[in-house]
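Enquirer: My questions will all concern the structure given below.
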Amino acid sequence: MTDPRITNLARTLVQYSTEIQPGDRVAIVGEPPAAPLIREVYREVLRAGGHPHLMLKLEGMEYLLFSKASDDQLNYISPFERLIYEEFEALISMRSQSNTRALSNVDPTRQQIHAKARTELRNTFAERSATRELMWVGTMYPTQAYAQDAEMSLVEFEDYVYGTTYADTEDPVAMWGKIHDEQQRLVDWLAGKKHVEVRGPDIELTLSIEGRVFINSDGKRNMPSGEIFTGPVEETASGWVRFTYPAVLRGREVEGIELHFEDGKVVKASAKKNEDFLLKMLDTDSGARYLGEFAVGTNKKINRFIKNILFDEKIGGTIHMAVGFGYPETGSVNKSAIHWDMICDMRDGGQITVDGELFYESGEFKI
């Protein structure tokens, strides 16, 4: 029998996150280990009257691409993928890796070539997402590899995944609706605000949010979710931040990252592990050294670092910032081939002041 939590998660992805309607073309992207969830998502799309299109990925294909492909092949964009991004109504993707470090020894220059080639496609994706022409959501199916990264048994990790997505409750859709309402209060308060100051043991940073919009991340695009985020005014970040947890990008783990900003740009960067990779990514293009996102994690059920950004950036009591690409719906105009989230814990005296008023302290909202 199918685990009822998998059925609940599939129903949430189709009914709540992407709101599939009759006639919608839905790309379902996943890997073989996620077959139980893929099957239930496919079933739910059919029930909703949509047209499911399955795109199955195999473990190790990315490694083959980056290790064997020519530059011409790295620059090639699949017409099937372009069709999804440009024309489909919905995209539901499920990661289920059996090796989360498969790309650790790949030449980052080759990853840069591939990422730059996809810039136009990514911009199209972001624009259609902002107007909700394309409804999308990404989630995870628990595997041994993820459980090992999280330092849990597979059973414990399954409980964690289904607990943080509320798939273990009788009505997860209702739970996510409640989270939406709680976060909307914060988003409404921030509307029209201009100046943000962030202070704490690991951060002294100011930035402007004038004219920018905070987004209520309530499970419509990430599952699980639980954050509010915006794109800060590009040339305004000033100060420094030391990120609490390792930042993982393209299979590489970078520890002890510290960034210094002047006029919005990273002017000094260091790391205790994989610093060369950090510096190379920051030099990807002209937008890679500017902030594309400033966000506050709100999900108290996500309470530990598991080396997976889908979960970690939502840890209740943390903030995160992303260098690179900014989401158009926030008002961000920063363009880049990268979007790299990095997390700073605020639970030990960290404060966020907005237009002179204390908004957040030690992981709790004060308004």
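Following the order of the structure tokens, chains are lettered A, B, ..., residues in each are numbered from 1, and ligands are numbered from 1.
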Quick one: DSSP strand (DSSP E) residues in stretch 174-344 of chain A, as a ChimeraX atom specification?
Expert: /A:195-200,203-208,215-217,222-223,227-230,238-242,247-249,252-254,258-262,265-270,291-297,318-324,339-344
Enquirer: Keeping C-alpha atoms for every residue in the selection just given, could you write it to a file as a PDB file, in the first residue's frame?
Expert:
ATOM      1  CA  HIS A 195      15.260  50.904   5.094  1.00  0.00           C
ATOM      2  CA  VAL A 196      16.449  47.662   6.723  1.00  0.00           C
ATOM      3  CA  GLU A 197      19.188  47.267   9.326  1.00  0.00           C
ATOM      4  CA  VAL A 198      20.339  43.777  10.349  1.00  0.00           C
ATOM      5  CA  ARG A 199      22.514  43.434  13.454  1.00  0.00           C
ATOM      6  CA  GLY A 200      23.812  40.433  15.348  1.00  0.00           C
ATOM      7  CA  ILE A 203      26.070  40.399  10.743  1.00  0.00           C
ATOM      8  CA  GLU A 204      26.175  44.186  10.455  1.00  0.00           C
ATOM      9  CA  LEU A 205      24.309  45.050   7.273  1.00  0.00           C
ATOM     10  CA  THR A 206      22.053  47.772   5.904  1.00  0.00           C
ATOM     11  CA  LEU A 207      20.034  47.720   2.694  1.00  0.00           C
ATOM     12  CA  SER A 208      17.092  49.398   0.992  1.00  0.00           C
ATOM     13  CA  ILE A 215       6.582  37.707  -1.232  1.00  0.00           C
ATOM     14  CA  ASN A 216       4.628  35.331   0.993  1.00  0.00           C
ATOM     15  CA  SER A 217       6.300  31.968   0.359  1.00  0.00           C
ATOM     16  CA  ASN A 222       8.586  25.227  -2.607  1.00  0.00           C
ATOM     17  CA  MET A 223       7.286  22.315  -0.585  1.00  0.00           C
ATOM     18  CA  GLU A 227       9.596  32.334   4.442  1.00  0.00           C
ATOM     19  CA  ILE A 228       9.028  35.908   3.373  1.00  0.00           C
ATOM     20  CA  PHE A 229      11.458  37.349   0.836  1.00  0.00           C
ATOM     21  CA  THR A 230      12.220  40.310  -1.376  1.00  0.00           C
ATOM     22  CA  SER A 238      26.500  47.855   2.914  1.00  0.00           C
ATOM     23  CA  GLY A 239      28.337  46.010   5.668  1.00  0.00           C
ATOM     24  CA  TRP A 240      29.282  42.408   6.280  1.00  0.00           C
ATOM     25  CA  VAL A 241      27.809  39.002   7.067  1.00  0.00           C
ATOM     26  CA  ARG A 242      29.296  35.728   8.248  1.00  0.00           C
ATOM     27  CA  ALA A 247      26.409  26.802   1.483  1.00  0.00           C
ATOM     28  CA  VAL A 248      25.973  24.074  -1.130  1.00  0.00           C
ATOM     29  CA  LEU A 249      25.902  24.845  -4.847  1.00  0.00           C
ATOM     30  CA  ARG A 252      30.053  21.665  -3.731  1.00  0.00           C
ATOM     31  CA  GLU A 253      29.939  22.554  -0.054  1.00  0.00           C
ATOM     32  CA  VAL A 254      31.503  25.894   0.951  1.00  0.00           C
ATOM     33  CA  GLU A 258      32.070  35.831   4.946  1.00  0.00           C
ATOM     34  CA  LEU A 259      31.013  38.580   2.542  1.00  0.00           C
ATOM     35  CA  HIS A 260      31.631  42.328   2.690  1.00  0.00           C
ATOM     36  CA  PHE A 261      29.418  44.705   0.705  1.00  0.00           C
ATOM     37  CA  GLU A 262      29.938  48.239  -0.578  1.00  0.00           C
ATOM     38  CA  LYS A 265      28.453  44.709  -4.385  1.00  0.00           C
ATOM     39  CA  VAL A 266      30.528  41.983  -2.733  1.00  0.00           C
ATOM     40  CA  VAL A 267      33.971  43.588  -2.537  1.00  0.00           C
ATOM     41  CA  LYS A 268      35.574  41.007  -0.271  1.00  0.00           C
ATOM     42  CA  ALA A 269      34.768  37.314   0.108  1.00  0.00           C
ATOM     43  CA  SER A 270      36.378  34.482   2.033  1.00  0.00           C
ATOM     44  CA  LEU A 291      22.062  40.464  -3.750  1.00  0.00           C
ATOM     45  CA  GLY A 292      19.060  39.036  -5.564  1.00  0.00           C
ATOM     46  CA  GLU A 293      17.210  38.055  -2.401  1.00  0.00           C
ATOM     47  CA  PHE A 294      16.822  38.932   1.279  1.00  0.00           C
ATOM     48  CA  ALA A 295      14.563  36.605   3.259  1.00  0.00           C
ATOM     49  CA  VAL A 296      13.424  35.531   6.723  1.00  0.00           C
ATOM     50  CA  GLY A 297      12.738  31.848   7.458  1.00  0.00           C
ATOM     51  CA  THR A 318      17.225  32.392  10.441  1.00  0.00           C
ATOM     52  CA  ILE A 319      17.618  34.800   7.574  1.00  0.00           C
ATOM     53  CA  HIS A 320      19.117  34.048   4.206  1.00  0.00           C
ATOM     54  CA  MET A 321      20.452  36.052   1.318  1.00  0.00           C
ATOM     55  CA  ALA A 322      21.130  35.007  -2.239  1.00  0.00           C
ATOM     56  CA  VAL A 323      23.819  36.458  -4.442  1.00  0.00           C
ATOM     57  CA  GLY A 324      22.879  36.639  -8.092  1.00  0.00           C
ATOM     58  CA  HIS A 339      21.154  32.274  -7.455  1.00  0.00           C
ATOM     59  CA  TRP A 340      23.037  31.064  -4.366  1.00  0.00           C
ATOM     60  CA  ASP A 341      21.276  31.074  -0.985  1.00  0.00           C
ATOM     61  CA  MET A 342      23.341  31.462   2.196  1.00  0.00           C
ATOM     62  CA  ILE A 343      21.945  31.213   5.736  1.00  0.00           C
ATOM     63  CA  CYS A 344      22.651  33.230   8.891  1.00  0.00           C
TER      64      CYS A 344
END
Enquirer: Using only C-alpha atoms, which protein or nucleic acid residues come within 12 Å of A:Asn99? Drop anything in the same chain fewer than 2 positions from it, and give the result as a PyMOL selection string.
Expert: chain A and resi 33+58-60+62-63+95-97+101-104+143-149+251
Enquirer: Can I get the selection written as an mmCIF file, in the first residue's frame, with N, CA and C atoms?
Expert:
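This went into selection.cif:
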data_model
loop_
_atom_site.group_PDB
_atom_site.id
_atom_site.type_symbol
_atom_site.label_atom_id
_atom_site.label_comp_id
_atom_site.auth_asym_id
_atom_site.auth_seq_id
_atom_site.Cartn_x
_atom_site.Cartn_y
_atom_site.Cartn_z
ATOM 1 N N PRO A 33 14.037 6.888 -7.866
ATOM 2 C CA PRO A 33 13.721 6.637 -6.455
ATOM 3 C C PRO A 33 12.411 7.298 -5.996
ATOM 4 N N LEU A 58 17.814 10.262 -14.820
ATOM 5 C CA LEU A 58 18.596 9.184 -14.240
ATOM 6 C C LEU A 58 19.785 9.743 -13.478
ATOM 7 N N GLU A 59 20.107 9.107 -12.362
ATOM 8 C CA GLU A 59 21.262 9.495 -11.564
ATOM 9 C C GLU A 59 22.535 9.407 -12.406
ATOM 10 N N GLY A 60 23.394 10.390 -12.290
ATOM 11 C CA GLY A 60 24.675 10.368 -12.977
ATOM 12 C C GLY A 60 24.699 11.071 -14.317
ATOM 13 N N GLU A 62 24.000 14.258 -14.967
ATOM 14 C CA GLU A 62 24.659 15.567 -14.859
ATOM 15 C C GLU A 62 26.175 15.407 -14.856
ATOM 16 N N TYR A 63 26.666 14.389 -14.152
ATOM 17 C CA TYR A 63 28.109 14.157 -14.117
ATOM 18 C C TYR A 63 28.640 13.854 -15.513
ATOM 19 N N ARG A 95 13.081 16.048 -6.392
ATOM 20 C CA ARG A 95 14.463 15.571 -6.322
ATOM 21 C C ARG A 95 14.521 14.340 -5.427
ATOM 22 N N SER A 96 15.326 13.359 -5.835
ATOM 23 C CA SER A 96 15.461 12.125 -5.038
ATOM 24 C C SER A 96 16.847 11.530 -5.272
ATOM 25 N N GLN A 97 17.880 12.311 -4.990
ATOM 26 C CA GLN A 97 19.250 11.901 -5.296
ATOM 27 C C GLN A 97 19.718 10.740 -4.415
ATOM 28 N N ARG A 101 26.725 14.343 -3.602
ATOM 29 C CA ARG A 101 28.042 14.942 -3.843
ATOM 30 C C ARG A 101 28.621 14.481 -5.181
ATOM 31 N N ALA A 102 27.771 14.058 -6.087
ATOM 32 C CA ALA A 102 28.227 13.503 -7.363
ATOM 33 C C ALA A 102 29.007 14.506 -8.199
ATOM 34 N N LEU A 103 28.768 15.813 -7.998
ATOM 35 C CA LEU A 103 29.418 16.836 -8.829
ATOM 36 C C LEU A 103 30.572 17.534 -8.108
ATOM 37 N N SER A 104 30.991 16.988 -6.982
ATOM 38 C CA SER A 104 32.000 17.671 -6.159
ATOM 39 C C SER A 104 33.315 17.921 -6.889
ATOM 40 N N THR A 143 15.470 10.058 0.514
ATOM 41 C CA THR A 143 16.348 8.941 0.134
ATOM 42 C C THR A 143 17.414 8.749 1.211
ATOM 43 N N GLN A 144 18.149 7.651 1.102
ATOM 44 C CA GLN A 144 19.226 7.388 2.053
ATOM 45 C C GLN A 144 20.283 8.492 2.005
ATOM 46 N N ALA A 145 20.580 9.012 0.805
ATOM 47 C CA ALA A 145 21.610 10.049 0.679
ATOM 48 C C ALA A 145 21.222 11.303 1.450
ATOM 49 N N TYR A 146 19.977 11.742 1.297
ATOM 50 C CA TYR A 146 19.514 12.916 2.032
ATOM 51 C C TYR A 146 19.521 12.646 3.536
ATOM 52 N N ALA A 147 19.112 11.445 3.916
ATOM 53 C CA ALA A 147 19.084 11.087 5.337
ATOM 54 C C ALA A 147 20.500 11.104 5.927
ATOM 55 N N GLN A 148 21.477 10.625 5.158
ATOM 56 C CA GLN A 148 22.863 10.639 5.631
ATOM 57 C C GLN A 148 23.372 12.067 5.797
ATOM 58 N N ASP A 149 23.071 12.946 4.831
ATOM 59 C CA ASP A 149 23.466 14.348 4.951
ATOM 60 C C ASP A 149 22.866 14.975 6.209
ATOM 61 N N GLY A 251 26.709 20.774 -6.141
ATOM 62 C CA GLY A 251 27.418 19.630 -5.586
ATOM 63 C C GLY A 251 28.622 19.964 -4.739
#
Enquirer: Would you work out the distance separating atom CA of A:Lys220 from atom CA of A:Val233, expressed in Å to one decimal?
Expert: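 These atoms are spaced 24.8 Å apart.
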Enquirer: Of the residues A:Val213, A:Leu9, A:Ala174, A:Val155, which is the one nearest to A:Ala191, using only C-alpha atoms?
Expert: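 That would be A:Val213, the residue with the smallest distance to A:Ala191.
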Enquirer: Please list as a count of residues only every residue within 10 Å of A:Ile28, counting only C-alpha atoms and excluding residues in the same chain fewer than 5 positions away.
Expert: 15
Enquirer: Set the distance at 7 Å and use only C-alpha atoms: which residues neighbour stretch 128-135 of chain A once local chain neighbours fewer than 3 positions away are removed? I'd like the list as a list of chain:residue names.
Expert: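 The residues satisfying every condition are A:Thr18, A:Phe88, A:Glu89, A:Ala90, A:Leu91, A:Thr124, A:Phe125, A:Pro328, A:Glu329.
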Enquirer: With a distance cut-off of 8 Å and only C-alpha atoms, select the neighbouring residues of A:Tyr166, excluding the residue or stretch itself and same-chain residues fewer than 5 positions from it, and output the selection as an NGL selection string.
Expert: :A and (172 or 175-176)
Enquirer: Could you tell me how far atom CA of A:Asp72 lies from atom CA of A:Ser336, in Å and to one decimal?
Expert: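 If I compute the distance from atom CA of A:Asp72 to atom CA of A:Ser336, I get 20.7 Å.
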Enquirer: List the spatial neighbours of A:Gly219 as a VMD selection string - criterion: any atom at most 10 Å away, only C-alpha atoms, same-chain residues fewer than 4 positions off excluded.
Expert: chain A and resid 12 to 13 16 to 18 137 to 139 165 173 176 to 177 179 to 180 223 to 227
